[in-house]
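Structure below is upload-v7.txt: compact mmCIF, C-alpha atoms and all ligand atoms.
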```
# COMPACT_ATOMS: atom_id res chain seq x y z
CA MET F 1 116.47 84.44 101.94
CA THR F 2 118.42 83.03 98.99
CA ILE F 3 122.03 84.10 98.52
CA TYR F 4 124.11 82.72 95.66
CA VAL F 5 127.80 82.29 96.40
CA LYS F 6 130.62 81.05 94.23
CA LYS F 7 133.09 78.64 95.75
CA ASP F 8 136.63 79.79 94.81
CA GLU F 9 139.44 78.14 96.66
CA GLY F 10 141.92 80.96 95.84
CA SER F 11 139.95 83.92 97.31
CA THR F 12 140.14 84.68 101.03
CA GLU F 13 137.25 87.18 100.71
CA MET F 14 135.12 84.49 99.18
CA ASN F 15 136.07 81.98 101.81
CA GLN F 16 135.23 84.49 104.53
CA LEU F 17 131.91 85.33 102.95
CA THR F 18 130.99 81.68 102.51
CA SER F 19 131.85 80.82 106.09
CA LEU F 20 130.02 83.93 107.38
CA LEU F 21 126.90 82.95 105.48
CA SER F 22 127.07 79.35 106.64
CA GLU F 23 127.55 80.46 110.23
CA ILE F 24 124.67 82.93 110.18
CA SER F 25 122.41 80.58 108.28
CA HIS F 26 123.11 77.92 110.85
CA ASP F 27 122.48 80.24 113.81
CA HIS F 28 119.45 81.97 112.39
CA ASP F 29 117.74 79.29 110.47
CA PHE F 30 118.09 80.79 107.00
CA ASP F 31 117.81 78.64 103.99
CA PHE F 32 120.16 79.49 101.13
CA PRO F 33 121.87 77.30 98.58
CA ALA F 34 125.58 77.99 98.09
CA GLU F 35 125.61 78.46 94.30
CA LEU F 36 128.21 79.70 91.85
CA ILE F 37 128.57 83.40 91.13
CA PRO F 38 130.17 84.48 87.79
CA ALA F 39 133.73 83.24 87.43
CA ASN F 40 135.05 86.59 86.24
CA ILE F 41 133.95 88.54 89.33
CA THR F 42 136.64 90.95 90.58
CA GLU F 43 138.05 91.13 94.09
CA THR F 44 136.55 94.65 94.51
CA THR F 45 133.06 93.45 93.61
CA LEU F 46 133.55 90.55 95.96
CA LEU F 47 134.51 92.88 98.78
CA ALA F 48 131.48 95.10 98.13
CA LEU F 49 129.28 92.02 97.98
CA SER F 50 130.68 90.78 101.26
CA GLU F 51 130.05 94.16 102.97
CA GLN F 52 126.54 94.29 101.55
CA ALA F 53 125.83 90.76 102.79
CA LYS F 54 127.06 91.65 106.29
CA LYS F 55 124.78 94.74 106.36
CA ILE F 56 121.80 92.65 105.30
CA MET F 57 122.57 90.04 107.97
CA ASN F 58 122.90 92.71 110.66
CA THR F 59 119.57 94.27 109.71
CA VAL F 60 117.86 90.88 109.73
CA ILE F 61 119.28 90.14 113.18
CA GLU F 62 118.23 93.62 114.44
CA TYR F 63 114.74 93.03 113.05
CA LYS F 64 114.50 89.68 114.79
CA GLU F 65 115.58 91.35 118.05
CA LEU F 66 112.94 94.05 117.59
CA MET F 67 110.23 91.43 117.11
CA MET F 68 111.46 89.62 120.23
CA MET F 69 111.07 92.88 122.20
CA TYR F 70 107.51 93.43 120.90
CA ASN F 71 106.71 89.84 121.82
CA CYS F 72 107.97 90.44 125.37
CA ALA F 73 105.82 93.58 125.59
CA LEU F 74 102.81 91.46 124.59
CA LYS F 75 103.59 88.91 127.32
CA GLN F 76 103.67 91.71 129.87
CA ILE F 77 100.43 93.37 128.80
CA ARG F 78 98.67 89.99 128.66
CA THR F 79 99.70 89.36 132.27
CA LYS F 80 98.38 92.78 133.29
CA PHE F 81 94.95 91.94 131.86
CA GLU F 82 95.00 88.46 133.44
CA ILE F 83 95.75 90.02 136.83
CA LEU F 84 92.84 92.47 136.47
CA ASP F 85 90.61 89.53 135.56
CA ASP F 86 91.75 87.44 138.55
CA GLU F 87 91.28 90.31 140.98
CA PHE F 88 87.81 91.10 139.68
CA ASN F 89 86.87 87.43 139.84
CA VAL F 90 87.77 87.11 143.53
CA ARG F 91 86.11 90.40 144.49
CA TYR F 92 82.92 90.10 142.44
CA GLN F 93 82.73 86.40 141.43
CA ARG F 94 82.59 87.35 137.77
CA ASN F 95 85.15 87.58 134.97
CA PRO F 96 85.29 90.90 133.07
CA ILE F 97 87.47 89.25 130.39
CA ASN F 98 86.21 86.45 128.20
CA SER F 99 89.35 85.91 126.12
CA ILE F 100 92.65 87.53 125.13
CA ASN F 101 94.45 87.30 121.81
CA THR F 102 97.83 88.68 120.89
CA ARG F 103 99.56 88.96 117.54
CA LEU F 104 102.72 90.36 115.99
CA LYS F 105 102.24 92.12 112.66
CA ARG F 106 103.75 90.09 109.84
CA SER F 107 106.78 91.62 108.10
CA ALA F 108 104.90 91.77 104.77
CA SER F 109 102.14 93.86 106.44
CA ILE F 110 104.72 96.13 108.08
CA ARG F 111 106.37 96.66 104.68
CA GLU F 112 103.02 97.37 102.98
CA LYS F 113 101.99 99.87 105.66
CA MET F 114 105.33 101.73 105.46
CA LYS F 115 105.04 101.85 101.67
CA ARG F 116 101.43 103.08 101.88
CA ASN F 117 102.48 105.89 104.22
CA ASN F 118 105.63 106.73 102.20
CA ILE F 119 107.96 105.94 105.10
CA PRO F 120 111.43 104.58 104.23
CA LEU F 121 111.89 101.08 105.61
CA SER F 122 114.26 101.03 108.60
CA ILE F 123 114.27 99.52 112.08
CA GLU F 124 114.04 102.99 113.67
CA ASN F 125 111.13 104.02 111.40
CA ILE F 126 109.21 100.86 112.30
CA LYS F 127 109.58 101.69 116.01
CA THR F 128 108.52 105.32 115.66
CA ASN F 129 105.86 105.11 112.94
CA ILE F 130 104.04 101.80 113.27
CA ASN F 131 101.84 101.65 116.37
CA ASP F 132 100.38 98.22 115.77
CA VAL F 133 103.42 95.95 115.36
CA ALA F 134 102.30 94.40 118.66
CA GLY F 135 98.54 94.00 119.04
CA ILE F 136 96.36 92.64 121.82
CA ARG F 137 92.61 92.07 121.59
CA VAL F 138 90.66 91.70 124.80
CA ILE F 139 87.11 90.38 124.61
CA CYS F 140 84.72 91.25 127.43
CA PRO F 141 81.25 89.90 128.23
CA TYR F 142 79.63 93.33 128.85
CA VAL F 143 80.11 96.91 127.62
CA ASP F 144 80.82 98.30 131.12
CA ASP F 145 83.67 95.77 131.51
CA ILE F 146 85.44 97.49 128.58
CA TYR F 147 85.46 100.81 130.42
CA SER F 148 86.44 99.28 133.80
CA ILE F 149 89.41 97.36 132.46
CA SER F 150 90.65 100.06 130.07
CA GLU F 151 90.53 102.62 132.91
CA ALA F 152 92.30 100.23 135.30
CA LEU F 153 95.02 99.64 132.71
CA ILE F 154 95.54 103.31 131.84
CA ASN F 155 95.83 104.19 135.55
CA GLN F 156 98.77 101.85 136.05
CA GLU F 157 101.98 103.77 136.75
CA ASP F 158 104.12 102.16 134.07
CA ILE F 159 101.56 102.54 131.28
CA THR F 160 101.80 105.59 129.03
CA LEU F 161 98.66 106.30 127.04
CA ILE F 162 99.64 107.55 123.59
CA SER F 163 96.15 107.72 122.08
CA GLN F 164 92.63 106.50 122.72
CA LYS F 165 89.75 106.07 120.27
CA ASP F 166 86.36 105.23 121.73
CA TYR F 167 84.51 103.67 118.80
CA ILE F 168 81.77 102.59 121.24
CA ALA F 169 80.67 106.12 122.18
CA ASN F 170 81.49 107.15 118.58
CA PRO F 171 81.01 104.14 116.26
CA LYS F 172 82.59 104.23 112.80
CA PRO F 173 80.09 105.07 109.99
CA ASN F 174 80.04 101.35 109.00
CA GLY F 175 78.90 100.39 112.53
CA TYR F 176 82.30 99.19 113.87
CA ARG F 177 82.49 99.41 117.66
CA SER F 178 85.52 98.84 119.87
CA MET F 179 87.80 100.66 122.32
CA HIS F 180 91.25 101.32 120.84
CA LEU F 181 94.26 102.34 122.90
CA ILE F 182 97.84 102.88 121.82
CA ILE F 183 99.97 102.52 124.91
CA SER F 184 103.65 102.18 125.65
CA ILE F 185 105.09 99.90 128.29
CA PRO F 186 108.65 99.47 129.59
CA VAL F 187 110.19 96.05 129.01
CA TYR F 188 113.23 95.11 131.10
CA PHE F 189 116.08 93.17 129.50
CA ALA F 190 119.45 92.04 130.91
CA ASP F 191 121.25 95.36 130.44
CA HIS F 192 118.63 97.93 129.45
CA SER F 193 114.92 98.69 129.33
CA GLU F 194 112.92 99.65 126.27
CA GLN F 195 109.58 101.48 125.88
CA MET F 196 107.48 99.36 123.51
CA LYS F 197 104.24 100.48 121.83
CA ILE F 198 101.20 98.20 121.75
CA GLU F 199 97.80 98.54 120.08
CA VAL F 200 95.06 97.43 122.45
CA GLN F 201 91.57 96.64 121.15
CA ILE F 202 88.90 95.99 123.76
CA ARG F 203 85.40 94.96 122.72
CA THR F 204 82.45 92.79 123.73
CA ILE F 205 81.85 89.25 122.47
CA ALA F 206 79.03 90.67 120.33
CA MET F 207 81.17 93.48 118.87
CA ASP F 208 83.89 90.95 118.11
CA PHE F 209 81.43 88.65 116.36
CA TRP F 210 80.45 91.51 114.03
CA ALA F 211 84.01 92.80 113.46
CA THR F 212 85.36 89.32 112.69
CA LEU F 213 82.69 88.53 110.11
CA GLU F 214 82.77 92.01 108.59
CA HIS F 215 86.55 91.74 108.23
CA GLN F 216 86.25 88.32 106.55
CA LEU F 217 83.54 89.57 104.17
CA LYS F 218 85.57 92.66 103.25
CA TYR F 219 88.65 90.66 102.31
CA LYS F 220 86.97 87.58 100.83
CA GLU F 221 86.27 89.07 97.41
CA GLN F 222 88.45 91.55 95.57
CA THR F 223 85.41 93.49 94.35
CA ALA F 224 84.12 96.38 96.44
CA ILE F 225 81.09 95.75 98.66
CA GLY F 226 77.92 97.46 97.35
CA GLU F 227 75.92 100.16 99.14
CA SER F 228 73.07 97.83 100.13
CA ILE F 229 75.42 95.36 101.79
CA ILE F 230 77.17 98.18 103.65
CA ALA F 231 73.73 99.28 104.91
CA GLU F 232 72.84 95.72 105.95
CA LEU F 233 76.12 95.30 107.84
CA LYS F 234 75.51 98.61 109.60
CA GLU F 235 72.00 97.42 110.54
CA CYS F 236 73.50 94.22 112.02
CA ALA F 237 76.01 96.29 114.02
CA ASP F 238 73.21 98.42 115.46
CA ILE F 239 71.09 95.37 116.37
CA ILE F 240 74.12 93.83 118.07
CA SER F 241 74.73 97.04 119.98
CA ASN F 242 71.10 97.03 121.22
CA THR F 243 71.51 93.41 122.32
CA ASP F 244 74.71 94.33 124.21
CA ALA F 245 72.81 97.09 126.00
CA LYS F 246 69.92 94.72 126.85
CA MET F 247 72.27 92.03 128.20
CA LEU F 248 73.97 94.63 130.40
CA ASN F 249 70.57 95.76 131.75
CA ILE F 250 69.61 92.17 132.54
CA ARG F 251 72.86 91.68 134.46
CA LYS F 252 72.30 94.92 136.38
CA GLU F 253 68.72 93.92 137.28
CA ILE F 254 69.99 90.62 138.64
CA GLU F 255 72.72 92.41 140.58
CA GLU F 256 70.19 94.85 142.04
CA SER F 257 68.03 92.03 143.32
CA ALA F 258 71.18 90.56 144.88
CA ASP F 259 71.70 93.93 146.62
CA ASN F 260 68.82 92.97 148.93
CA LEU F 261 71.07 90.34 150.45
CA THR F 262 72.42 91.15 153.92
CA ASP F 263 76.17 91.57 154.53
CA ASP F 264 76.14 88.13 156.16
CA ASP F 265 74.51 86.58 153.06
CA VAL F 266 77.24 88.11 150.86
CA LEU F 267 79.99 86.90 153.21
CA PHE F 268 78.60 83.35 153.25
CA GLU F 269 78.22 83.39 149.48
CA LYS F 270 81.89 84.40 149.09
CA MET F 271 82.93 81.66 151.53
CA ARG F 272 80.90 79.13 149.61
CA LYS F 273 82.88 79.99 146.44
CA ILE F 274 86.28 80.33 148.12
CA ASP F 275 87.62 77.15 146.56
CA SER F 276 86.40 77.81 143.04
CA PRO F 277 89.25 77.82 140.51
CA LEU F 278 90.69 81.17 139.38
CA ILE F 279 89.56 81.07 135.76
P1 LIG F 301 95.40 101.18 110.73
O1 LIG F 301 94.14 100.85 109.98
O2 LIG F 301 95.99 99.99 111.43
O3 LIG F 301 96.41 101.89 109.90
O4 LIG F 301 95.07 102.21 111.87
P2 LIG F 301 94.04 103.42 111.98
O5 LIG F 301 94.79 104.65 112.27
O6 LIG F 301 93.04 103.44 110.90
O7 LIG F 301 93.42 102.96 113.36
P3 LIG F 301 92.03 102.41 113.84
O8 LIG F 301 92.18 102.52 115.33
O9 LIG F 301 90.86 103.08 113.22
O10 LIG F 301 92.02 100.87 113.39
C1 LIG F 301 92.98 99.98 113.83
C2 LIG F 301 92.50 98.55 113.70
O11 LIG F 301 91.16 98.39 114.18
C3 LIG F 301 92.44 97.98 112.31
O12 LIG F 301 93.70 97.54 111.89
C4 LIG F 301 91.44 96.83 112.48
O13 LIG F 301 92.03 95.73 113.14
C5 LIG F 301 90.43 97.44 113.44
N1 LIG F 301 89.35 98.12 112.70
C6 LIG F 301 89.21 99.44 112.49
N2 LIG F 301 88.11 99.69 111.76
C7 LIG F 301 87.53 98.51 111.50
C8 LIG F 301 86.35 98.11 110.75
O14 LIG F 301 85.63 98.91 110.21
N3 LIG F 301 86.08 96.75 110.71
C9 LIG F 301 86.85 95.83 111.32
N4 LIG F 301 86.50 94.55 111.21
N5 LIG F 301 87.96 96.17 112.00
C10 LIG F 301 88.31 97.48 112.08
MG MG F 302 96.21 97.81 112.15
```

Could the structure of this file be written out as structure tokens, please?
Amino acid sequence: MTIYVKKDEGSTEMNQLTSLLSEISHDHDFDFPAELIPANITETTLLALSEQAKKIMNTVIEYKELMMMYNCALKQIRTKFEILDDEFNVRYQRNPINSINTRLKRSASIREKMKRNNIPLSIENIKTNINDVAGIRVICPYVDDIYSISEALINQEDITLISQKDYIANPKPNGYRSMHLIISIPVYFADHSEQMKIEVQIRTIAMDFWATLEHQLKYKEQTAIGESIIAELKECADIISNTDAKMLNIRKEIEESADNLTDDDVLFEKMRKIDSPLI
């Protein structure tokens, strides 16, 4: 943020404004040069300018607070997934989560999305209209893991499911597959709690491989992708989906052969792994 300010020893308004800006810039890490404003500026304009500057500062601080709250919501949801992973690991000696990534939407993207949807830019409108300010992507080894962990999450008492899109049962026409949830979660602060919305994407390693490359290809060149490339990408998505299904079958076959083990065998196997690290 760059704010130009005239230094005028005689004006109290100006002195106040300059000290306010220096204070806020110091506290909030803004970078603005204190420059001269026109010498003939009137006291009324100065007052209006000062009020305007205060409003801008307040909004910026409110925005920063909002982002802090979304970030806290992300910490909480990440922990929920890590707990599900730990529990599963101890019970079944296998991790249903391969990796977790979180991100906060950049302010430029928030602004673009609001503009695209004709929503006036305000803190309240961001909270009510943008569901993906906070996003978490959970990558699972197998397709059935996606359903187990999404169900376990949704069933938690403090999670409110706002919407669910199963792009695995119903892939997008381009071949995109993933489980999408919009949830809300309470975050507890010193003197109040706040329901925060989060976009959750859960997909397999294979689905993520396709989605990541497809996303890169789509945004690499400004020109639109031709029909034949769209068809080729769709073909890749379908091949990947078949591979996911085959890998799941292989795992199930192996698990079935392990079912022949006696209860004692299973108990001794668990004991053997009792000291393995929780990762
Ligand atoms: P926005 O696109 O965020 O406005 O939401 P939407 O209402 O279209 O929601 P949807 O659940 O369909 O998509 C949300 C997010 O999923 C996107 O922002 C992408 O991150 C991801 N996504 C959806 N479709 C595709 C796709 O075709 N390819 C890739 N790579 N990612 C996709
Ligand atoms: Mg999005």

Residues at most 12 Å from ligand MG 302 (chain F), using all atoms listed in the file? Could they come as a ChimeraX atom specification?
/F:103-106,109-110,112-114,130-137,180-182,198-201

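In this comparison, which uses all atoms listed in the file, the residue of F:Gly175, F:Pro120, F:Pro141, F:Pro96 approaching ligand LIG 301 (chain F) most closely is F:Gly175.
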
Quote the spacing between atom CA of Ile97 of chain F and atom CA of Asp85 of chain F in Å to one decimal place.
6.1 Å

With distances taken over all atoms listed in the file, which of F:Phe189, F:Phe81, F:Tyr219, F:Tyr92 is nearest to ligand LIG 301 (chain F)?
F:Tyr219

Check the smallest atom-to-atom distance from each of F:Thr223, F:Ser184, F:Asp275, F:Tyr167 to ligand LIG 301 (chain F) using all atoms listed in the file, then report the winner.
F:Tyr167

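Atom CA of Gln156 of chain F lies 11.2 Å from atom CA of Ile183 of chain F.
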
Students should find that atom CA of Lys246 of chain F and atom C7 of ligand LIG 301 (chain F) are spaced 23.7 Å

Show me which residues are within 7 Å of ligand LIG 301 (chain F) counting all atoms listed in the file, and format the list as a PyMOL selection string.
chain F and resi 132+165+172+174+176+180+211-212+214-215
